[in-house]
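Okay, input11.pdb is below, PDB, C-alpha atoms, pLDDT in the B column:
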MODEL        1
ATOM      1  CA  MET A   4      28.409 252.901 134.936  1.00 82.00           C
ATOM      2  CA  TRP A   5      25.967 250.953 137.146  1.00 87.00           C
ATOM      3  CA  TYR A   6      23.141 251.503 134.654  1.00 92.00           C
ATOM      4  CA  TRP A   7      25.001 249.686 131.882  1.00 94.00           C
ATOM      5  CA  LEU A   8      26.359 247.006 134.220  1.00 92.00           C
ATOM      6  CA  LEU A   9      22.835 246.199 135.398  1.00 92.00           C
ATOM      7  CA  LYS A  10      21.548 246.233 131.828  1.00 94.00           C
ATOM      8  CA  PHE A  11      24.176 244.048 130.199  1.00 95.00           C
ATOM      9  CA  VAL A  12      25.524 241.879 133.041  1.00 95.00           C
ATOM     10  CA  LEU A  13      23.536 241.718 136.269  1.00 92.00           C
ATOM     11  CA  VAL A  14      19.848 242.007 135.327  1.00 92.00           C
ATOM     12  CA  GLY A  15      19.441 242.264 131.555  1.00 95.00           C
ATOM     13  CA  PRO A  16      20.458 238.683 130.660  1.00 97.00           C
ATOM     14  CA  VAL A  17      17.957 237.291 133.186  1.00 96.00           C
ATOM     15  CA  LEU A  18      15.145 239.409 131.747  1.00 96.00           C
ATOM     16  CA  ARG A  19      15.994 238.276 128.223  1.00 97.00           C
ATOM     17  CA  LEU A  20      15.955 234.650 129.295  1.00 98.00           C
ATOM     18  CA  LEU A  21      12.635 234.940 131.121  1.00 97.00           C
ATOM     19  CA  GLY A  22      10.722 237.167 128.710  1.00 97.00           C
ATOM     20  CA  ARG A  23      12.364 236.505 125.324  1.00 97.00           C
ATOM     21  CA  PRO A  24      11.318 240.034 124.314  1.00 98.00           C
ATOM     22  CA  ARG A  25      10.133 240.592 120.768  1.00 98.00           C
ATOM     23  CA  VAL A  26      10.683 244.206 119.783  1.00 98.00           C
ATOM     24  CA  GLU A  27       9.008 246.052 116.914  1.00 98.00           C
ATOM     25  CA  GLY A  28       9.380 249.617 115.640  1.00 98.00           C
ATOM     26  CA  LEU A  29      12.475 250.529 117.642  1.00 98.00           C
ATOM     27  CA  HIS A  30      13.555 252.767 114.751  1.00 98.00           C
ATOM     28  CA  HIS A  31      10.808 255.199 115.776  1.00 98.00           C
ATOM     29  CA  VAL A  32      12.928 256.256 118.772  1.00 98.00           C
ATOM     30  CA  PRO A  33      15.336 259.059 117.710  1.00 97.00           C
ATOM     31  CA  ALA A  34      19.025 258.184 118.013  1.00 97.00           C
ATOM     32  CA  ASP A  35      19.667 261.430 119.898  1.00 97.00           C
ATOM     33  CA  GLY A  36      17.878 264.441 121.294  1.00 97.00           C
ATOM     34  CA  PRO A  37      14.949 264.629 123.712  1.00 98.00           C
ATOM     35  CA  VAL A  38      12.173 262.064 123.459  1.00 98.00           C
ATOM     36  CA  ILE A  39       9.331 260.866 125.661  1.00 98.00           C
ATOM     37  CA  VAL A  40       8.656 257.122 125.777  1.00 98.00           C
ATOM     38  CA  ALA A  41       5.058 256.605 126.939  1.00 98.00           C
ATOM     39  CA  ALA A  42       3.974 253.024 127.666  1.00 98.00           C
ATOM     40  CA  ASN A  43       1.019 251.201 129.161  1.00 98.00           C
ATOM     41  CA  HIS A  44       1.666 249.711 132.590  1.00 97.00           C
ATOM     42  CA  LEU A  45       1.144 246.012 133.337  1.00 97.00           C
ATOM     43  CA  ALA A  46       3.851 245.023 135.818  1.00 95.00           C
ATOM     44  CA  ALA A  47       6.540 246.361 138.110  1.00 89.00           C
ATOM     45  CA  ILE A  48       9.225 245.247 135.656  1.00 93.00           C
ATOM     46  CA  ASP A  49       7.845 247.236 132.685  1.00 95.00           C
ATOM     47  CA  SER A  50      10.459 249.945 133.117  1.00 93.00           C
ATOM     48  CA  LEU A  51      13.226 247.328 133.254  1.00 93.00           C
ATOM     49  CA  TYR A  52      12.175 245.850 129.923  1.00 96.00           C
ATOM     50  CA  LEU A  53      12.057 249.300 128.348  1.00 96.00           C
ATOM     51  CA  ALA A  54      15.579 250.003 129.616  1.00 95.00           C
ATOM     52  CA  LEU A  55      16.682 246.599 128.333  1.00 96.00           C
ATOM     53  CA  VAL A  56      15.589 247.073 124.722  1.00 97.00           C
ATOM     54  CA  LEU A  57      16.293 250.780 124.252  1.00 97.00           C
ATOM     55  CA  PRO A  58      19.841 251.481 123.039  1.00 96.00           C
ATOM     56  CA  ARG A  59      19.707 254.879 124.766  1.00 97.00           C
ATOM     57  CA  ARG A  60      19.610 255.406 128.501  1.00 96.00           C
ATOM     58  CA  ILE A  61      16.078 256.027 129.755  1.00 96.00           C
ATOM     59  CA  THR A  62      15.192 257.899 132.940  1.00 95.00           C
ATOM     60  CA  PHE A  63      11.979 257.530 134.934  1.00 93.00           C
ATOM     61  CA  LEU A  64      10.626 259.642 137.752  1.00 90.00           C
ATOM     62  CA  ALA A  65      10.684 257.343 140.775  1.00 82.00           C
ATOM     63  CA  LYS A  66       8.275 257.971 143.636  1.00 77.00           C
ATOM     64  CA  SER A  67       9.947 258.969 146.887  1.00 78.00           C
ATOM     65  CA  GLN A  68       8.710 255.821 148.657  1.00 76.00           C
ATOM     66  CA  TYR A  69      11.325 253.803 146.762  1.00 72.00           C
ATOM     67  CA  PHE A  70      14.028 255.899 148.405  1.00 78.00           C
ATOM     68  CA  ASP A  71      12.484 256.077 151.875  1.00 79.00           C
ATOM     69  CA  GLU A  72      11.342 252.508 152.530  1.00 79.00           C
ATOM     70  CA  PRO A  73      13.009 251.018 155.639  1.00 81.00           C
ATOM     71  CA  GLY A  74      14.774 247.679 156.000  1.00 81.00           C
ATOM     72  CA  TRP A  75      16.815 245.616 153.548  1.00 83.00           C
ATOM     73  CA  ARG A  76      14.219 245.993 150.809  1.00 74.00           C
ATOM     74  CA  GLY A  77      14.362 249.758 151.178  1.00 77.00           C
ATOM     75  CA  ARG A  78      18.155 249.742 150.996  1.00 82.00           C
ATOM     76  CA  ARG A  79      18.025 247.574 147.886  1.00 78.00           C
ATOM     77  CA  ASN A  80      15.480 249.796 146.138  1.00 78.00           C
ATOM     78  CA  ARG A  81      17.351 252.943 147.117  1.00 81.00           C
ATOM     79  CA  TRP A  82      20.589 251.535 145.709  1.00 82.00           C
ATOM     80  CA  VAL A  83      18.953 250.481 142.430  1.00 79.00           C
ATOM     81  CA  MET A  84      17.254 253.849 141.964  1.00 80.00           C
ATOM     82  CA  THR A  85      20.419 255.777 142.719  1.00 80.00           C
ATOM     83  CA  ALA A  86      22.689 253.497 140.673  1.00 79.00           C
ATOM     84  CA  THR A  87      20.485 253.793 137.592  1.00 80.00           C
ATOM     85  CA  GLY A  88      20.122 257.567 137.894  1.00 79.00           C
ATOM     86  CA  GLN A  89      16.363 257.631 138.443  1.00 86.00           C
ATOM     87  CA  VAL A  90      14.954 260.962 139.582  1.00 85.00           C
ATOM     88  CA  ARG A  91      13.227 261.068 142.959  1.00 82.00           C
ATOM     89  CA  VAL A  92       9.904 262.919 143.015  1.00 80.00           C
ATOM     90  CA  ASP A  93       7.082 263.444 145.472  1.00 71.00           C
ATOM     91  CA  ARG A  94       3.846 262.198 143.868  1.00 61.00           C
ATOM     92  CA  THR A  95       1.397 263.294 146.537  1.00 61.00           C
ATOM     93  CA  GLY A  96      -0.240 265.886 144.290  1.00 57.00           C
ATOM     94  CA  GLY A  97      -0.549 269.660 144.442  1.00 57.00           C
ATOM     95  CA  SER A  98       2.785 271.470 144.107  1.00 63.00           C
ATOM     96  CA  ALA A  99       4.494 268.064 144.059  1.00 65.00           C
ATOM     97  CA  SER A 100       2.916 267.394 140.663  1.00 75.00           C
ATOM     98  CA  ALA A 101       4.373 270.616 139.292  1.00 84.00           C
ATOM     99  CA  ASP A 102       7.803 269.632 140.654  1.00 85.00           C
ATOM    100  CA  ALA A 103       7.528 266.237 138.949  1.00 87.00           C
ATOM    101  CA  LEU A 104       6.697 267.833 135.607  1.00 90.00           C
ATOM    102  CA  ALA A 105       9.604 270.249 136.032  1.00 92.00           C
ATOM    103  CA  ALA A 106      11.931 267.313 136.696  1.00 92.00           C
ATOM    104  CA  ALA A 107      10.693 265.591 133.543  1.00 95.00           C
ATOM    105  CA  ALA A 108      11.220 268.746 131.529  1.00 95.00           C
ATOM    106  CA  GLY A 109      14.765 268.941 132.903  1.00 95.00           C
ATOM    107  CA  ILE A 110      15.535 265.431 131.604  1.00 96.00           C
ATOM    108  CA  LEU A 111      14.319 266.392 128.145  1.00 97.00           C
ATOM    109  CA  GLU A 112      15.964 269.804 128.066  1.00 96.00           C
ATOM    110  CA  SER A 113      19.297 268.074 128.632  1.00 96.00           C
ATOM    111  CA  GLY A 114      18.612 265.905 125.560  1.00 97.00           C
ATOM    112  CA  GLY A 115      17.603 262.772 127.460  1.00 97.00           C
ATOM    113  CA  VAL A 116      14.939 260.079 127.215  1.00 98.00           C
ATOM    114  CA  TRP A 117      12.087 260.351 129.711  1.00 97.00           C
ATOM    115  CA  GLY A 118      10.091 257.187 130.312  1.00 96.00           C
ATOM    116  CA  ILE A 119       6.566 257.391 131.686  1.00 96.00           C
ATOM    117  CA  HIS A 120       3.520 255.207 132.237  1.00 96.00           C
ATOM    118  CA  PRO A 121       0.682 257.731 131.801  1.00 96.00           C
ATOM    119  CA  GLU A 122      -1.783 255.495 133.682  1.00 96.00           C
ATOM    120  CA  GLY A 123       0.181 256.343 136.827  1.00 90.00           C
ATOM    121  CA  THR A 124      -0.140 252.854 138.300  1.00 91.00           C
ATOM    122  CA  ARG A 125      -0.280 249.265 137.109  1.00 93.00           C
ATOM    123  CA  SER A 126      -3.405 248.095 135.330  1.00 96.00           C
ATOM    124  CA  PRO A 127      -5.512 246.004 137.730  1.00 94.00           C
ATOM    125  CA  ASP A 128      -6.717 243.629 134.992  1.00 94.00           C
ATOM    126  CA  GLY A 129      -4.478 244.059 131.957  1.00 95.00           C
ATOM    127  CA  GLN A 130      -6.658 246.624 130.187  1.00 96.00           C
ATOM    128  CA  VAL A 131      -5.466 250.150 129.337  1.00 97.00           C
ATOM    129  CA  TYR A 132      -6.848 252.878 131.582  1.00 97.00           C
ATOM    130  CA  ARG A 133      -7.227 256.642 131.407  1.00 97.00           C
ATOM    131  CA  GLY A 134      -3.921 258.506 131.307  1.00 97.00           C
ATOM    132  CA  ARG A 135      -2.721 261.466 133.317  1.00 94.00           C
ATOM    133  CA  THR A 136      -2.226 264.587 131.216  1.00 94.00           C
ATOM    134  CA  GLY A 137       1.333 265.326 132.368  1.00 93.00           C
ATOM    135  CA  VAL A 138       2.896 263.533 129.403  1.00 96.00           C
ATOM    136  CA  ILE A 139       1.166 265.839 126.896  1.00 96.00           C
ATOM    137  CA  ARG A 140       1.807 268.975 128.935  1.00 94.00           C
ATOM    138  CA  VAL A 141       5.534 268.214 129.162  1.00 95.00           C
ATOM    139  CA  ALA A 142       5.637 267.408 125.444  1.00 96.00           C
ATOM    140  CA  MET A 143       4.094 270.775 124.633  1.00 94.00           C
ATOM    141  CA  ARG A 144       6.401 272.589 127.050  1.00 93.00           C
ATOM    142  CA  THR A 145       9.606 271.063 125.688  1.00 95.00           C
ATOM    143  CA  GLY A 146       8.732 270.246 122.081  1.00 94.00           C
ATOM    144  CA  ALA A 147       9.935 266.666 122.632  1.00 97.00           C
ATOM    145  CA  PRO A 148       8.258 263.976 120.502  1.00 97.00           C
ATOM    146  CA  VAL A 149       6.210 261.283 122.227  1.00 98.00           C
ATOM    147  CA  VAL A 150       6.780 257.662 121.168  1.00 98.00           C
ATOM    148  CA  PRO A 151       3.843 255.445 122.252  1.00 98.00           C
ATOM    149  CA  VAL A 152       4.946 251.975 123.413  1.00 98.00           C
ATOM    150  CA  ALA A 153       2.598 249.003 123.777  1.00 98.00           C
ATOM    151  CA  LEU A 154       3.701 246.332 126.248  1.00 98.00           C
ATOM    152  CA  THR A 155       2.275 242.832 126.449  1.00 98.00           C
ATOM    153  CA  GLY A 156       3.388 239.797 128.424  1.00 97.00           C
ATOM    154  CA  THR A 157       5.278 241.530 131.220  1.00 97.00           C
ATOM    155  CA  ASP A 158       2.415 240.711 133.578  1.00 96.00           C
ATOM    156  CA  ARG A 159       3.003 237.013 132.892  1.00 96.00           C
ATOM    157  CA  VAL A 160       6.699 237.259 133.739  1.00 97.00           C
ATOM    158  CA  ASN A 161       6.002 239.390 136.804  1.00 95.00           C
ATOM    159  CA  ARG A 162       2.588 238.356 138.144  1.00 93.00           C
ATOM    160  CA  ARG A 163       0.931 240.666 140.630  1.00 87.00           C
ATOM    161  CA  GLY A 164       1.451 239.496 144.188  1.00 82.00           C
ATOM    162  CA  ARG A 165       4.205 237.018 143.236  1.00 84.00           C
ATOM    163  CA  ARG A 166       7.798 237.612 144.303  1.00 81.00           C
ATOM    164  CA  LEU A 167       9.367 235.168 141.871  1.00 90.00           C
ATOM    165  CA  LEU A 168       9.552 235.910 138.161  1.00 94.00           C
ATOM    166  CA  ARG A 169       8.290 233.345 135.670  1.00 96.00           C
ATOM    167  CA  PHE A 170       8.944 232.505 132.045  1.00 97.00           C
ATOM    168  CA  GLY A 171       6.740 234.318 129.560  1.00 97.00           C
ATOM    169  CA  LYS A 172       6.751 236.018 126.205  1.00 97.00           C
ATOM    170  CA  VAL A 173       7.139 239.790 126.186  1.00 98.00           C
ATOM    171  CA  ARG A 174       6.249 241.934 123.168  1.00 98.00           C
ATOM    172  CA  ILE A 175       7.232 245.599 122.954  1.00 98.00           C
ATOM    173  CA  VAL A 176       5.873 247.698 120.078  1.00 98.00           C
ATOM    174  CA  PHE A 177       7.206 251.212 119.460  1.00 98.00           C
ATOM    175  CA  ALA A 178       4.806 253.344 117.410  1.00 98.00           C
ATOM    176  CA  PRO A 179       5.605 256.387 115.247  1.00 98.00           C
ATOM    177  CA  ALA A 180       6.427 259.496 117.247  1.00 98.00           C
ATOM    178  CA  ARG A 181       3.771 262.111 117.917  1.00 97.00           C
ATOM    179  CA  HIS A 182       4.386 265.852 118.125  1.00 95.00           C
ATOM    180  CA  PHE A 183       2.212 268.212 120.144  1.00 91.00           C
ATOM    181  CA  GLU A 184       1.910 271.944 119.654  1.00 84.00           C
ATOM    182  CA  PRO A 185       0.696 274.133 122.556  1.00 81.00           C
ATOM    183  CA  ILE A 186      -3.095 273.840 122.720  1.00 75.00           C
ATOM    184  CA  ASP A 187      -5.841 274.808 125.139  1.00 74.00           C
ATOM    185  CA  ARG A 188      -6.397 272.870 128.342  1.00 74.00           C
ATOM    186  CA  SER A 189      -9.476 270.974 127.150  1.00 76.00           C
ATOM    187  CA  ALA A 190      -7.581 269.688 124.112  1.00 88.00           C
ATOM    188  CA  VAL A 191      -4.813 268.337 126.368  1.00 94.00           C
ATOM    189  CA  ARG A 192      -7.301 265.891 127.864  1.00 93.00           C
ATOM    190  CA  ALA A 193      -8.461 264.796 124.413  1.00 93.00           C
ATOM    191  CA  ALA A 194      -4.865 264.331 123.227  1.00 95.00           C
ATOM    192  CA  THR A 195      -4.100 262.184 126.276  1.00 96.00           C
ATOM    193  CA  ASP A 196      -7.188 260.041 125.683  1.00 96.00           C
ATOM    194  CA  ASP A 197      -6.161 259.568 122.054  1.00 96.00           C
ATOM    195  CA  LEU A 198      -2.662 258.478 123.125  1.00 97.00           C
ATOM    196  CA  MET A 199      -4.088 255.908 125.542  1.00 97.00           C
ATOM    197  CA  ALA A 200      -6.501 254.637 122.895  1.00 97.00           C
ATOM    198  CA  GLU A 201      -3.538 253.989 120.609  1.00 97.00           C
ATOM    199  CA  LEU A 202      -1.731 252.087 123.367  1.00 98.00           C
ATOM    200  CA  ALA A 203      -4.851 249.959 123.867  1.00 98.00           C
ATOM    201  CA  MET A 204      -5.183 249.272 120.155  1.00 97.00           C
ATOM    202  CA  ARG A 205      -1.531 248.333 119.668  1.00 97.00           C
ATOM    203  CA  SER A 206      -1.479 246.089 122.747  1.00 96.00           C
ATOM    204  CA  GLY A 207      -4.747 244.358 121.833  1.00 96.00           C
ATOM    205  CA  ARG A 208      -6.427 245.478 125.075  1.00 95.00           C
ATOM    206  CA  ARG A 209      -9.623 247.394 125.792  1.00 95.00           C
ATOM    207  CA  TYR A 210      -9.457 251.073 126.689  1.00 96.00           C
ATOM    208  CA  ILE A 211     -11.253 251.850 129.962  1.00 95.00           C
ATOM    209  CA  ASP A 212     -12.183 255.506 130.387  1.00 93.00           C
ATOM    210  CA  CYS A 213     -11.463 255.765 134.102  1.00 95.00           C
ATOM    211  CA  TYR A 214      -8.272 255.932 136.150  1.00 95.00           C
ATOM    212  CA  ALA A 215      -6.766 252.589 137.128  1.00 91.00           C
ATOM    213  CA  ALA A 216      -6.406 253.700 140.747  1.00 82.00           C
ATOM    214  CA  THR A 217     -10.109 254.610 140.861  1.00 77.00           C
ATOM    215  CA  PHE A 218     -11.127 251.282 139.355  1.00 64.00           C
ATOM    216  CA  ARG A 219      -9.046 249.372 141.898  1.00 56.00           C
ATOM    217  CA  ALA A 220     -10.514 251.333 144.824  1.00 50.00           C
ATOM    218  CA  GLU A 221     -14.105 250.794 143.640  1.00 55.00           C
ATOM    219  CA  SER A 222     -13.490 247.072 143.095  1.00 52.00           C
ATOM    220  CA  ALA A 223     -11.978 246.497 146.540  1.00 46.00           C
TER     221      ALA A 223
ENDMDL
END
Represent the structure from my file as C-alpha cells, please.
Amino acid sequence: MWYWLLKFVLVGPVLRLLGRPRVEGLHHVPADGPVIVAANHLAAIDSLYLALVLPRRITFLAKSQYFDEPGWRGRRNRWVMTATGQVRVDRTGGSASADALAAAAGILESGGVWGIHPEGTRSPDGQVYRGRTGVIRVAMRTGAPVVPVALTGTDRVNRRGRRLLRFGKVRIVFAPARHFEPIDRSAVRAATDDLMAELAMRSGRRYIDCYAATFRAESA
C-alpha cells in the first residue's frame, strides 16, 4: 500500500512537477512476468523516477547502510525502504555478492520487476561507466529479459552535494528488451560492456571503460 501511496500521492506528484519526465519506449517493458530494468546512474533519485513512470511495481536491492544508518535520517531511510518493499542486501563483496544475486533472482522468479544500475554507483561526471556483470549473470540464470533504460536530466533535478531538489527536464528512454542465453564467463563481460555502450549511446553520453568508483578514487 505504501508503495502506491508514495508514488501517486506523497512523492510522485512532486517529482513530476520538478522533472516533467518525458518517457519513450515504455511499451518495451512486458505487462507481466519477470523483467530486469537496467539503467545508467546519474543521481540518487534515479530509482524514484523509474518507479514513477513504470506502471508495474519495481524492486531494487538496497544496500544495508540505508537500513542501519543512525539518527532521524536513518529512521527516515529505513521507513522508506521498508514501506516500498526494497530488499536489503550486504554489498561488501565476496559471499555477499552471491547473496545479492540470489535475492535478485528471487524477485524475478516470483514474476517481479528487478531494477538495477549496473554501474554500481552514481556517475561522477555524467558519463556512462563500466558495468558490473551481475545483471547479465542473473538474466542468464532466470531467463528474464533485460530492458536497457537511458536516463538524462535527473542529475539536474538532484545535483550531487545539494539537499534541495531543483527544476529540470528528465528524459527516460526504454530500449527493446534483450535476451541472454547461458554463455561462458568471458562472454558475460563482453555482453555487459555492450549493454553499457547502448546506455551511453541512448543517453548521448560517452562510455568510459573503467568503473565509476575507481575513477572517483583516482580523481580524488
Inset, instruction - Return the single residue from A:Thr136, A:Gly15, A:Tyr52, A:Arg91 that is closest to A:Phe70, with distances computed using only C-alpha atoms. - result: A:Arg91
Which centre and edge lengths in Å to one decimal define the box along x, y and z that fits every listed atom of stretch 189-196 of chain A plus 3 Å per side, as lines of an AutoDock Vina configuration file?
center_x = -6.8
center_y = 265.5
center_z = 125.5
size_x = 11.4
size_y = 16.9
size_z = 10.6
Legend entry - Using all atoms listed in the file: which of A:Arg133, A:Leu57, A:Ala65, A:Arg23 has the shortest distance to A:Gly171: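 Answer, going by the shortest atom-to-atom distance: A:Arg23.
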Which polymer residues have any atom within 8 Å of an atom of stretch 193-208 of chain A, counting all atoms listed in the file, with same-chain residues fewer than 4 positions away left out, as a PDB file with C-alpha atoms, in the frame of the given file?
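Now in result_1.pdb:
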ATOM      1  CA  ALA A  42       3.974 253.024 127.666  1.00 98.00           C
ATOM      2  CA  ASN A  43       1.019 251.201 129.161  1.00 98.00           C
ATOM      3  CA  GLY A 129      -4.478 244.059 131.957  1.00 95.00           C
ATOM      4  CA  GLN A 130      -6.658 246.624 130.187  1.00 96.00           C
ATOM      5  CA  VAL A 131      -5.466 250.150 129.337  1.00 97.00           C
ATOM      6  CA  TYR A 132      -6.848 252.878 131.582  1.00 97.00           C
ATOM      7  CA  ARG A 133      -7.227 256.642 131.407  1.00 97.00           C
ATOM      8  CA  GLY A 134      -3.921 258.506 131.307  1.00 97.00           C
ATOM      9  CA  ARG A 135      -2.721 261.466 133.317  1.00 94.00           C
ATOM     10  CA  THR A 136      -2.226 264.587 131.216  1.00 94.00           C
ATOM     11  CA  VAL A 138       2.896 263.533 129.403  1.00 96.00           C
ATOM     12  CA  ILE A 139       1.166 265.839 126.896  1.00 96.00           C
ATOM     13  CA  PRO A 151       3.843 255.445 122.252  1.00 98.00           C
ATOM     14  CA  VAL A 152       4.946 251.975 123.413  1.00 98.00           C
ATOM     15  CA  ALA A 153       2.598 249.003 123.777  1.00 98.00           C
ATOM     16  CA  LEU A 154       3.701 246.332 126.248  1.00 98.00           C
ATOM     17  CA  THR A 155       2.275 242.832 126.449  1.00 98.00           C
ATOM     18  CA  VAL A 176       5.873 247.698 120.078  1.00 98.00           C
ATOM     19  CA  SER A 189      -9.476 270.974 127.150  1.00 76.00           C
TER      20      SER A 189
END
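A straight line drawn from atom CA of A:Ala106 to atom CA of A:Thr157 is 27.2 Å long.
Here the question is which of A:Pro33, A:Gly123, A:Pro185, A:Gly137 gets nearest to A:Val150 using all atoms listed in the file, and that residue is A:Pro33.
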